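Okay, input.pdb is below, PDB, C-alpha atoms:
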```pdb
ATOM      1  CA  MET R 281     173.890-112.157  63.829
ATOM      2  CA  ASP R 282     176.850-110.554  62.006
ATOM      3  CA  PHE R 283     175.055-111.007  58.680
ATOM      4  CA  LEU R 284     171.786-109.615  60.066
ATOM      5  CA  MET R 285     173.457-106.551  61.593
ATOM      6  CA  SER R 286     175.363-105.897  58.360
ATOM      7  CA  GLY R 287     172.211-106.109  56.238
ATOM      8  CA  LEU R 288     170.212-103.863  58.579
ATOM      9  CA  ALA R 289     173.022-101.281  58.653
ATOM     10  CA  ALA R 290     173.071-101.094  54.837
ATOM     11  CA  CYS R 291     169.263-100.818  54.663
ATOM     12  CA  GLY R 292     169.317 -97.991  57.195
ATOM     13  CA  ALA R 293     171.788 -96.091  54.996
ATOM     14  CA  CYS R 294     169.785 -96.882  51.842
ATOM     15  CA  LEU R 295     166.613 -95.231  53.173
ATOM     16  CA  PHE R 296     168.465 -91.915  53.282
ATOM     17  CA  THR R 297     170.535 -92.236  50.101
ATOM     18  CA  ASN R 298     168.132 -93.821  47.592
ATOM     19  CA  PRO R 299     167.003 -90.423  46.164
ATOM     20  CA  LEU R 300     170.671 -89.722  45.417
ATOM     21  CA  GLU R 301     170.920 -93.120  43.705
ATOM     22  CA  VAL R 302     168.020 -92.108  41.426
ATOM     23  CA  VAL R 303     169.787 -88.853  40.533
ATOM     24  CA  LYS R 304     173.133 -90.623  40.020
ATOM     25  CA  THR R 305     171.619 -93.255  37.726
ATOM     26  CA  ARG R 306     169.988 -90.677  35.478
ATOM     27  CA  MET R 307     173.067 -88.453  35.301
ATOM     28  CA  GLN R 308     175.194 -91.464  34.305
ATOM     29  CA  LEU R 309     172.773 -92.345  31.497
ATOM     30  CA  GLN R 310     172.445 -88.757  30.252
ATOM     31  CA  GLY R 311     174.194 -88.252  26.893
ATOM     32  CA  GLU R 312     175.082 -91.927  26.627
ATOM     33  CA  LEU R 313     177.602 -92.425  23.776
ATOM     34  CA  GLN R 314     177.063 -88.842  22.564
ATOM     35  CA  SER R 315     179.798 -86.241  22.250
ATOM     36  CA  PRO R 316     179.710 -83.401  24.787
ATOM     37  CA  GLY R 317     177.506 -80.515  23.646
ATOM     38  CA  THR R 318     175.482 -82.577  21.148
ATOM     39  CA  TYR R 319     172.594 -83.518  23.458
ATOM     40  CA  GLN R 320     170.113 -81.788  25.719
ATOM     41  CA  ARG R 321     171.142 -81.826  29.367
ATOM     42  CA  HIS R 322     167.992 -82.460  31.390
ATOM     43  CA  TYR R 323     170.064 -82.688  34.576
ATOM     44  CA  LYS R 324     172.708 -79.963  34.849
ATOM     45  CA  ASN R 325     173.934 -80.905  38.328
ATOM     46  CA  VAL R 326     172.810 -82.788  41.417
ATOM     47  CA  PHE R 327     170.598 -80.016  42.762
ATOM     48  CA  HIS R 328     169.044 -79.242  39.389
ATOM     49  CA  ALA R 329     168.327 -82.970  38.943
ATOM     50  CA  PHE R 330     166.503 -83.100  42.286
ATOM     51  CA  ILE R 331     164.327 -80.145  41.343
ATOM     52  CA  THR R 332     163.658 -81.424  37.814
ATOM     53  CA  ILE R 333     162.677 -84.925  38.915
ATOM     54  CA  GLY R 334     160.497 -83.609  41.719
ATOM     55  CA  LYS R 335     158.776 -81.120  39.412
ATOM     56  CA  VAL R 336     158.189 -83.397  36.390
ATOM     57  CA  ASP R 337     157.949 -86.910  37.857
ATOM     58  CA  GLY R 338     156.718 -85.939  41.296
ATOM     59  CA  LEU R 339     158.433 -86.128  44.675
ATOM     60  CA  ALA R 340     157.672 -89.855  45.005
ATOM     61  CA  ALA R 341     159.899 -90.480  41.974
ATOM     62  CA  LEU R 342     162.926 -89.597  44.104
ATOM     63  CA  GLN R 343     162.364 -92.890  45.912
ATOM     64  CA  LYS R 344     161.954 -94.964  42.748
ATOM     65  CA  GLY R 345     163.365 -98.457  43.021
ATOM     66  CA  LEU R 346     163.389 -98.339  46.837
ATOM     67  CA  ALA R 347     162.150-101.929  47.283
ATOM     68  CA  PRO R 348     164.855-103.573  45.128
ATOM     69  CA  ALA R 349     167.430-101.128  46.527
ATOM     70  CA  LEU R 350     166.673-102.242  50.102
ATOM     71  CA  LEU R 351     166.612-105.922  49.150
ATOM     72  CA  TYR R 352     169.908-105.619  47.280
ATOM     73  CA  GLN R 353     171.587-103.784  50.149
ATOM     74  CA  PHE R 354     170.399-106.365  52.683
ATOM     75  CA  LEU R 355     171.564-109.275  50.548
ATOM     76  CA  MET R 356     174.795-107.832  49.189
ATOM     77  CA  ASN R 357     176.041-106.069  52.311
ATOM     78  CA  GLY R 358     174.733-108.743  54.654
ATOM     79  CA  ILE R 359     177.115-111.130  52.894
ATOM     80  CA  ARG R 360     179.920-108.597  52.330
ATOM     81  CA  LEU R 361     180.109-106.865  55.699
ATOM     82  CA  GLY R 362     179.000-109.932  57.652
ATOM     83  CA  THR R 363     181.741-112.128  56.210
ATOM     84  CA  TYR R 364     184.350-109.359  56.461
ATOM     85  CA  GLY R 365     183.405-108.758  60.104
ATOM     86  CA  LEU R 366     183.796-112.445  60.967
ATOM     87  CA  VAL R 367     187.195-112.615  59.247
ATOM     88  CA  GLU R 368     188.333-109.426  60.988
ATOM     89  CA  ALA R 369     187.073-110.607  64.395
ATOM     90  CA  GLY R 370     188.994-113.843  63.905
ATOM     91  CA  GLY R 371     192.223-111.857  63.622
ATOM     92  CA  TYR R 372     192.964-113.008  60.082
ATOM     93  CA  LEU R 373     193.460-109.458  58.768
ATOM     94  CA  HIS R 374     196.102-108.398  61.292
ATOM     95  CA  THR R 375     199.868-108.614  61.277
ATOM     96  CA  ALA R 376     201.942-110.138  64.073
ATOM     97  CA  GLU R 377     202.170-106.647  65.610
ATOM     98  CA  GLY R 378     198.368-106.416  65.730
ATOM     99  CA  THR R 379     197.933-103.794  63.007
ATOM    100  CA  VAL R 380     195.647-104.176  59.976
ATOM    101  CA  ASN R 381     197.283-105.741  56.907
ATOM    102  CA  PRO R 382     196.097-103.533  53.995
ATOM    103  CA  ALA R 383     196.622-106.223  51.339
ATOM    104  CA  LEU R 384     194.631-108.868  53.234
ATOM    105  CA  SER R 385     191.951-106.315  54.108
ATOM    106  CA  ALA R 386     191.590-105.229  50.470
ATOM    107  CA  ALA R 387     191.526-108.821  49.182
ATOM    108  CA  THR R 388     188.896-109.878  51.722
ATOM    109  CA  GLY R 389     186.771-106.835  50.968
ATOM    110  CA  ALA R 390     186.971-107.535  47.244
ATOM    111  CA  LEU R 391     186.089-111.241  47.491
ATOM    112  CA  THR R 392     183.197-110.753  49.900
ATOM    113  CA  GLY R 393     181.896-107.856  47.794
ATOM    114  CA  ILE R 394     181.997-109.856  44.561
ATOM    115  CA  THR R 395     180.104-112.744  46.153
ATOM    116  CA  GLY R 396     177.327-110.524  47.480
ATOM    117  CA  ALA R 397     177.078-108.481  44.285
ATOM    118  CA  TYR R 398     176.841-111.497  41.984
ATOM    119  CA  LEU R 399     174.063-113.086  44.032
ATOM    120  CA  GLY R 400     172.169-109.780  44.159
ATOM    121  CA  SER R 401     172.769-108.824  40.506
ATOM    122  CA  PRO R 402     169.177-109.461  39.250
ATOM    123  CA  ILE R 403     167.832-107.157  41.969
ATOM    124  CA  TYR R 404     170.360-104.438  41.099
ATOM    125  CA  MET R 405     169.474-104.657  37.398
ATOM    126  CA  VAL R 406     165.770-104.163  38.116
ATOM    127  CA  LYS R 407     166.599-101.301  40.489
ATOM    128  CA  THR R 408     168.515 -99.577  37.673
ATOM    129  CA  HIS R 409     165.624-100.045  35.220
ATOM    130  CA  LEU R 410     163.071 -98.625  37.666
ATOM    131  CA  GLN R 411     165.202 -95.632  38.634
ATOM    132  CA  ALA R 412     165.857 -94.737  34.986
ATOM    133  CA  GLN R 413     162.118 -94.693  34.150
ATOM    134  CA  ALA R 414     160.950 -91.111  33.717
ATOM    135  CA  ALA R 415     158.462 -88.889  31.919
ATOM    136  CA  SER R 416     159.354 -88.568  28.233
ATOM    137  CA  GLU R 417     160.461 -84.928  28.520
ATOM    138  CA  ILE R 418     163.279 -85.779  30.969
ATOM    139  CA  ALA R 419     163.946 -89.418  30.041
ATOM    140  CA  VAL R 420     167.547 -90.574  29.552
ATOM    141  CA  GLY R 421     168.869 -93.959  28.485
ATOM    142  CA  HIS R 422     166.708 -96.890  27.429
ATOM    143  CA  GLN R 423     163.245 -96.820  29.006
ATOM    144  CA  TYR R 424     161.885-100.095  30.348
ATOM    145  CA  LYS R 425     158.181-100.204  31.272
ATOM    146  CA  HIS R 426     158.262-102.198  34.481
ATOM    147  CA  GLN R 427     155.403-101.835  36.961
ATOM    148  CA  GLY R 428     157.394-102.992  39.967
ATOM    149  CA  MET R 429     160.177-105.268  41.186
ATOM    150  CA  PHE R 430     158.349-108.609  41.115
ATOM    151  CA  GLN R 431     156.699-107.908  37.753
ATOM    152  CA  ALA R 432     160.093-106.955  36.307
ATOM    153  CA  LEU R 433     161.851-110.076  37.606
ATOM    154  CA  THR R 434     159.019-112.301  36.338
ATOM    155  CA  ASP R 435     158.940-110.610  32.932
ATOM    156  CA  ILE R 436     162.713-110.883  32.414
ATOM    157  CA  ALA R 437     162.754-114.528  33.529
ATOM    158  CA  GLN R 438     159.885-115.424  31.183
ATOM    159  CA  LYS R 439     161.490-113.712  28.185
ATOM    160  CA  HIS R 440     165.142-114.606  28.674
ATOM    161  CA  GLY R 441     165.274-117.323  31.340
ATOM    162  CA  LEU R 442     167.465-117.382  34.432
ATOM    163  CA  VAL R 443     170.483-116.332  32.353
ATOM    164  CA  GLY R 444     168.657-113.108  31.493
ATOM    165  CA  LEU R 445     168.291-112.255  35.175
ATOM    166  CA  TRP R 446     172.073-112.211  35.523
ATOM    167  CA  ARG R 447     172.670-110.096  32.400
ATOM    168  CA  GLY R 448     175.282-107.455  33.205
ATOM    169  CA  ALA R 449     176.470-109.323  36.311
ATOM    170  CA  MET R 450     180.013-109.714  34.996
ATOM    171  CA  GLY R 451     180.100-105.986  34.307
ATOM    172  CA  CYS R 452     179.218-105.128  37.893
ATOM    173  CA  LEU R 453     181.937-107.312  39.429
ATOM    174  CA  PRO R 454     184.895-104.970  38.666
ATOM    175  CA  ARG R 455     182.810-102.117  40.121
ATOM    176  CA  VAL R 456     182.245-104.003  43.359
ATOM    177  CA  PHE R 457     185.787-105.443  43.400
ATOM    178  CA  VAL R 458     187.290-101.945  43.285
ATOM    179  CA  GLY R 459     184.675-100.307  45.512
ATOM    180  CA  SER R 460     184.513-102.951  48.232
ATOM    181  CA  SER R 461     188.270-103.482  48.512
ATOM    182  CA  THR R 462     188.886 -99.725  48.620
ATOM    183  CA  GLN R 463     186.093 -99.078  51.121
ATOM    184  CA  LEU R 464     186.895-101.745  53.688
ATOM    185  CA  CYS R 465     190.667-101.430  53.366
ATOM    186  CA  THR R 466     190.684 -97.644  53.857
ATOM    187  CA  PHE R 467     188.081 -97.869  56.644
ATOM    188  CA  SER R 468     190.006-100.482  58.644
ATOM    189  CA  SER R 469     193.401 -98.883  57.996
ATOM    190  CA  THR R 470     192.228 -95.355  58.873
ATOM    191  CA  LYS R 471     190.501 -96.573  62.012
ATOM    192  CA  ASP R 472     193.624 -98.515  63.006
ATOM    193  CA  PHE R 473     195.860 -95.482  62.341
ATOM    194  CA  MET R 474     193.644 -93.137  64.382
ATOM    195  CA  THR R 475     193.476 -95.640  67.231
ATOM    196  CA  GLN R 476     197.281 -95.955  67.365
ATOM    197  CA  TRP R 477     197.695 -92.192  67.418
ATOM    198  CA  GLU R 478     194.876 -91.844  69.987
ATOM    199  CA  ILE R 479     193.153 -89.173  67.914
ATOM    200  CA  PHE R 480     189.807 -90.335  69.324
ATOM    201  CA  PRO R 481     189.018 -92.579  72.307
ATOM    202  CA  PRO R 482     188.738 -96.327  71.491
ATOM    203  CA  GLN R 483     185.181 -97.454  70.581
ATOM    204  CA  SER R 484     184.182 -93.796  70.080
ATOM    205  CA  TRP R 485     181.551 -93.041  67.425
ATOM    206  CA  LYS R 486     183.806 -90.174  66.301
ATOM    207  CA  LEU R 487     186.491 -92.698  65.347
ATOM    208  CA  THR R 488     184.006 -94.646  63.216
ATOM    209  CA  LEU R 489     182.643 -91.481  61.608
ATOM    210  CA  ALA R 490     186.087 -90.086  60.723
ATOM    211  CA  ALA R 491     187.255 -93.392  59.220
ATOM    212  CA  SER R 492     184.020 -93.652  57.220
ATOM    213  CA  MET R 493     184.480 -90.144  55.788
ATOM    214  CA  VAL R 494     188.013 -90.948  54.588
ATOM    215  CA  SER R 495     186.784 -94.213  53.105
ATOM    216  CA  SER R 496     183.911 -92.531  51.220
ATOM    217  CA  ILE R 497     186.269 -90.194  49.317
ATOM    218  CA  ALA R 498     188.538 -93.057  48.263
ATOM    219  CA  VAL R 499     185.574 -95.169  47.135
ATOM    220  CA  VAL R 500     184.064 -92.480  44.893
ATOM    221  CA  LEU R 501     187.354 -91.689  43.152
ATOM    222  CA  ALA R 502     188.195 -95.339  42.529
ATOM    223  CA  MET R 503     184.746 -96.682  41.648
ATOM    224  CA  THR R 504     182.954 -94.036  39.556
ATOM    225  CA  PRO R 505     184.214 -95.113  36.062
ATOM    226  CA  PHE R 506     183.168 -98.700  36.762
ATOM    227  CA  ASP R 507     179.874 -97.504  38.247
ATOM    228  CA  VAL R 508     179.049 -95.536  35.081
ATOM    229  CA  VAL R 509     179.593 -98.470  32.722
ATOM    230  CA  SER R 510     177.864-100.903  35.088
ATOM    231  CA  THR R 511     174.734 -98.732  35.060
ATOM    232  CA  ARG R 512     174.821 -98.605  31.262
ATOM    233  CA  LEU R 513     175.367-102.345  30.858
ATOM    234  CA  TYR R 514     172.359-103.083  33.042
ATOM    235  CA  ASN R 515     170.133-100.520  31.353
ATOM    236  CA  GLN R 516     170.985-101.128  27.678
ATOM    237  CA  PRO R 517     168.216-102.494  25.391
ATOM    238  CA  THR R 518     168.366-106.169  24.437
ATOM    239  CA  ASP R 519     167.405-108.335  21.470
ATOM    240  CA  ALA R 520     164.980-111.268  21.578
ATOM    241  CA  GLN R 521     167.708-113.498  23.024
ATOM    242  CA  GLY R 522     168.473-111.043  25.837
ATOM    243  CA  LYS R 523     171.786-109.931  24.337
ATOM    244  CA  GLY R 524     172.781-106.289  24.818
ATOM    245  CA  LEU R 525     172.452-104.109  21.713
ATOM    246  CA  MET R 526     174.921-101.368  22.700
ATOM    247  CA  TYR R 527     177.824-103.030  24.497
ATOM    248  CA  ARG R 528     179.486-106.438  24.256
ATOM    249  CA  GLY R 529     180.845-106.280  27.790
ATOM    250  CA  ILE R 530     182.538-104.054  30.356
ATOM    251  CA  LEU R 531     185.730-103.484  28.347
ATOM    252  CA  ASP R 532     183.719-102.504  25.261
ATOM    253  CA  ALA R 533     181.587-100.171  27.401
ATOM    254  CA  LEU R 534     184.680 -98.523  28.911
ATOM    255  CA  LEU R 535     186.301 -98.035  25.499
ATOM    256  CA  GLN R 536     183.156 -96.712  23.801
ATOM    257  CA  THR R 537     182.442 -94.292  26.651
ATOM    258  CA  ALA R 538     186.023 -92.978  26.741
ATOM    259  CA  ARG R 539     186.215 -92.703  22.934
ATOM    260  CA  THR R 540     182.878 -90.889  22.516
ATOM    261  CA  GLU R 541     182.508 -88.859  25.708
ATOM    262  CA  GLY R 542     186.126 -88.414  26.774
ATOM    263  CA  ILE R 543     187.658 -88.900  30.210
ATOM    264  CA  PHE R 544     184.954 -86.780  31.814
ATOM    265  CA  GLY R 545     182.377 -89.188  30.449
ATOM    266  CA  MET R 546     183.917 -91.842  32.675
ATOM    267  CA  TYR R 547     183.202 -89.634  35.671
ATOM    268  CA  LYS R 548     179.684 -88.556  34.724
ATOM    269  CA  GLY R 549     177.605 -87.910  37.780
ATOM    270  CA  ILE R 550     180.619 -87.945  40.131
ATOM    271  CA  GLY R 551     178.992 -85.193  42.190
ATOM    272  CA  ALA R 552     175.866 -87.291  42.548
ATOM    273  CA  SER R 553     178.066 -90.329  43.169
ATOM    274  CA  TYR R 554     179.746 -88.643  46.116
ATOM    275  CA  PHE R 555     176.509 -87.230  47.519
ATOM    276  CA  ARG R 556     175.132 -90.774  47.305
ATOM    277  CA  LEU R 557     178.175 -92.982  47.997
ATOM    278  CA  GLY R 558     179.651 -90.615  50.551
ATOM    279  CA  PRO R 559     176.677 -90.592  52.941
ATOM    280  CA  HIS R 560     175.906 -94.244  52.168
ATOM    281  CA  THR R 561     179.452 -95.318  52.990
ATOM    282  CA  ILE R 562     179.523 -93.184  56.125
ATOM    283  CA  LEU R 563     176.082 -94.299  57.355
ATOM    284  CA  SER R 564     176.406 -98.000  56.507
ATOM    285  CA  LEU R 565     179.884 -98.345  58.058
ATOM    286  CA  PHE R 566     178.842 -96.228  61.047
ATOM    287  CA  PHE R 567     175.665 -98.279  61.665
ATOM    288  CA  TRP R 568     177.562-101.535  61.088
ATOM    289  CA  ASP R 569     180.375-100.683  63.491
ATOM    290  CA  GLN R 570     178.060 -99.329  66.192
ATOM    291  CA  LEU R 571     175.695-102.327  65.991
ATOM    292  CA  ARG R 572     178.676-104.677  66.354
ATOM    293  CA  ILE R 573     179.948-102.715  69.373
ATOM    294  CA  LEU R 574     176.506-102.841  71.028
ATOM    295  CA  TYR R 575     176.104-106.542  70.291
ATOM    296  CA  TYR R 576     179.513-107.624  71.564
ATOM    297  CA  THR R 577     179.299-105.289  74.587
ATOM    298  CA  TYR R 578     175.782-105.947  75.872
ATOM    299  CA  ILE R 579     174.437-109.128  74.233
ATOM    300  CA  LYS R 580     177.114-111.667  73.435
TER     301      LYS R 580
END
```

Could you write out this file's structure as structure tokens?
Amino acid sequence: MDFLMSGLAACGACLFTNPLEVVKTRMQLQGELQSPGTYQRHYKNVFHAFITIGKVDGLAALQKGLAPALLYQFLMNGIRLGTYGLVEAGGYLHTAEGTVNPALSAATGALTGITGAYLGSPIYMVKTHLQAQAASEIAVGHQYKHQGMFQALTDIAQKHGLVGLWRGAMGCLPRVFVGSSTQLCTFSSTKDFMTQWEIFPPQSWKLTLAASMVSSIAVVLAMTPFDVVSTRLYNQPTDAQGKGLMYRGILDALLQTARTEGIFGMYKGIGASYFRLGPHTILSLFFWDQLRILYYTYIK
């Protein structure tokens, strides 16, 4: 039940934030490995990107990749939040005084996040491909020609085998390691701090919401550089053997991006990242916490 509630909470958040994921993906691919000022900026900011995509690709394009996005969120966060919730409920993350141990919380969040992300990596790769697909006049990054999630997975598997489905998986692990550990550690610690100081009543939705908002800021600041290179690793073109033609791995991607685009290149699309990760973090943690409260109060 913990895994089911966690997956449903993440899917509920994804329905609202997927258009922001489309915008974020395209802004991160815009001007890839090009010096600032040497390329045409199709997407000037988050709001301009929304208008441009809606005008050129159509409003439906803002929900591109929704099917793999929902499946990935259910799989990845079902494992991540479900396992974390069980460990937390068992009291393994608390000190002898009953407070949250930040180191144990961060380590648990990182390990559960990595497990879920690795298993869901093929789905995330296809999601990235689909969300990057655009009309030629506003296209950024490499353009795959997938017709849908199942066709994409089948096509990749036929061309490059099972190994090809997990291309870029190692690049996404640092992203999830940093993001998941930061998210769950700051959420649990902030909630624990506010409870001790009685800022909000125990079990109040305001307590969950406030802790989620603090967590979302920390996640975006810590994860964005890894998110940018992860998107690029997944979306890069490949040779006949399925090997990436632009980057050799995450370290190479980080170095090339920093060298060519500067420090700001590492934070491309940070506005879109917050508008997406912020609400997603707040909604998923809010839904997750409230579903657990309802379950343990009225069902179990």

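The residue set within 7 Å of Gly393 (chain R), counting all atoms listed in the file and dropping same-chain residues fewer than 6 places from it, reads Arg360, Val456, Phe457 and Ser460 of chain R.
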
Check: What residues come out when you apply the PyMOL selection byres ((chain R and resi 454) around 10) to this file, written as JSON, numbers by chain?
Finding: {"R": [390, 394, 449, 450, 451, 452, 453, 455, 456, 457, 458, 459, 460, 503, 506, 507, 510, 530]}

Check: Which one of R:Gly421, R:Gly529, R:Gly551, R:Gly545 sits closest to Pro517 (chain R) if you count all atoms listed in the file?
Finding: R:Gly421

Next item on the list: Around the point (195.5, -104.5, 56.0), in the coordinates given by the file, pick out the residues reaching within 10 Å, counting only C-alpha atoms, and return them as a list of chain:residue names.
Entry: R:Tyr372, R:Leu373, R:His374, R:Thr375, R:Thr379, R:Val380, R:Asn381, R:Pro382, R:Ala383, R:Leu384, R:Ser385, R:Ala386, R:Ala387, R:Thr388, R:Leu464, R:Cys465, R:Thr466, R:Phe467, R:Ser468, R:Ser469, R:Asp472

Save the residues we just selected, C-alpha atoms, as a JSON list (two decimals), keeping the file's coordinate frame?
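Contents of result-v5.json, freshly written:
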```json
[["chain", "number", "residue", "atom", "x", "y", "z"],
["R", 372, "TYR", "CA", 192.96, -113.01, 60.08],
["R", 373, "LEU", "CA", 193.46, -109.46, 58.77],
["R", 374, "HIS", "CA", 196.10, -108.40, 61.29],
["R", 375, "THR", "CA", 199.87, -108.61, 61.28],
["R", 379, "THR", "CA", 197.93, -103.79, 63.01],
["R", 380, "VAL", "CA", 195.65, -104.18, 59.98],
["R", 381, "ASN", "CA", 197.28, -105.74, 56.91],
["R", 382, "PRO", "CA", 196.10, -103.53, 54.00],
["R", 383, "ALA", "CA", 196.62, -106.22, 51.34],
["R", 384, "LEU", "CA", 194.63, -108.87, 53.23],
["R", 385, "SER", "CA", 191.95, -106.32, 54.11],
["R", 386, "ALA", "CA", 191.59, -105.23, 50.47],
["R", 387, "ALA", "CA", 191.53, -108.82, 49.18],
["R", 388, "THR", "CA", 188.90, -109.88, 51.72],
["R", 464, "LEU", "CA", 186.90, -101.74, 53.69],
["R", 465, "CYS", "CA", 190.67, -101.43, 53.37],
["R", 466, "THR", "CA", 190.68, -97.64, 53.86],
["R", 467, "PHE", "CA", 188.08, -97.87, 56.64],
["R", 468, "SER", "CA", 190.01, -100.48, 58.64],
["R", 469, "SER", "CA", 193.40, -98.88, 58.00],
["R", 472, "ASP", "CA", 193.62, -98.52, 63.01]]
```

Kindly compute an axis-aligned box around the listed atoms of region 341-344 of chain R, allowing 4 Å on each side, and express its centre and edge lengths in Å to one decimal as AutoDock Vina command-line options.
```
--center_x 161.4 --center_y -92.3 --center_z 43.9 --size_x 11.0 --size_y 13.4 --size_z 11.9
```

Note to self: When you count all atoms listed in the file, which of these residues is closest to Leu295 (chain R): R:Phe430, R:Tyr578, R:Phe354, R:Tyr514?
What the structure shows: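 Going through R:Phe430, R:Tyr578, R:Phe354, R:Tyr514 one by one, the smallest distance to Leu295 (chain R) is for R:Phe354.
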
With 8 Å as the cut-off and all atoms listed in the file counted, what is the closest atom pair between each nearby residue of region 526-567 of chain R and region 479-494 of chain R? Distances in Å to one decimal, ordered by chain and number, as a tab-separated table.
```
residue	atom	partner	partner_atom	distance
R:Gly558	CA	R:Met493	CA	7.1
R:Thr561	CA	R:Ser492	CA	6.4
R:Ile562	CA	R:Ser492	CA	4.7
R:Leu563	CA	R:Ser492	CA	8.0
R:Leu565	CA	R:Ser492	CA	6.3
R:Phe566	CA	R:Thr488	CA	5.8
```

Checklist line | Proximity to Leu534 (chain R) - best of R:Ala552, R:Val326, R:Leu313, R:Leu445, only C-alpha atoms | finding: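 Checking each of R:Ala552, R:Val326, R:Leu313, R:Leu445 against Leu534 (chain R), counting only C-alpha atoms, the winner is R:Leu313.
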
Margin query: Residues near region 436-442 of chain R, anyone? I mean within 9 Å using only C-alpha atoms, not counting same-chain ones fewer than 6 positions away, as a PyMOL selection string.
Written below: chain R and resi 520-522

Notebook entry, point to check: When the PyMOL selection byres ((chain R and resi 345) around 12) is applied to the file above, which residues end up in the set, as a ChimeraX atom specification?
Noted result: /R:294-295,297-303,305,340-344,346-352,403-413,426-430,432

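Separating CA of Gln463 (chain R) from CA of Leu501 (chain R) is a distance of 10.9 Å.
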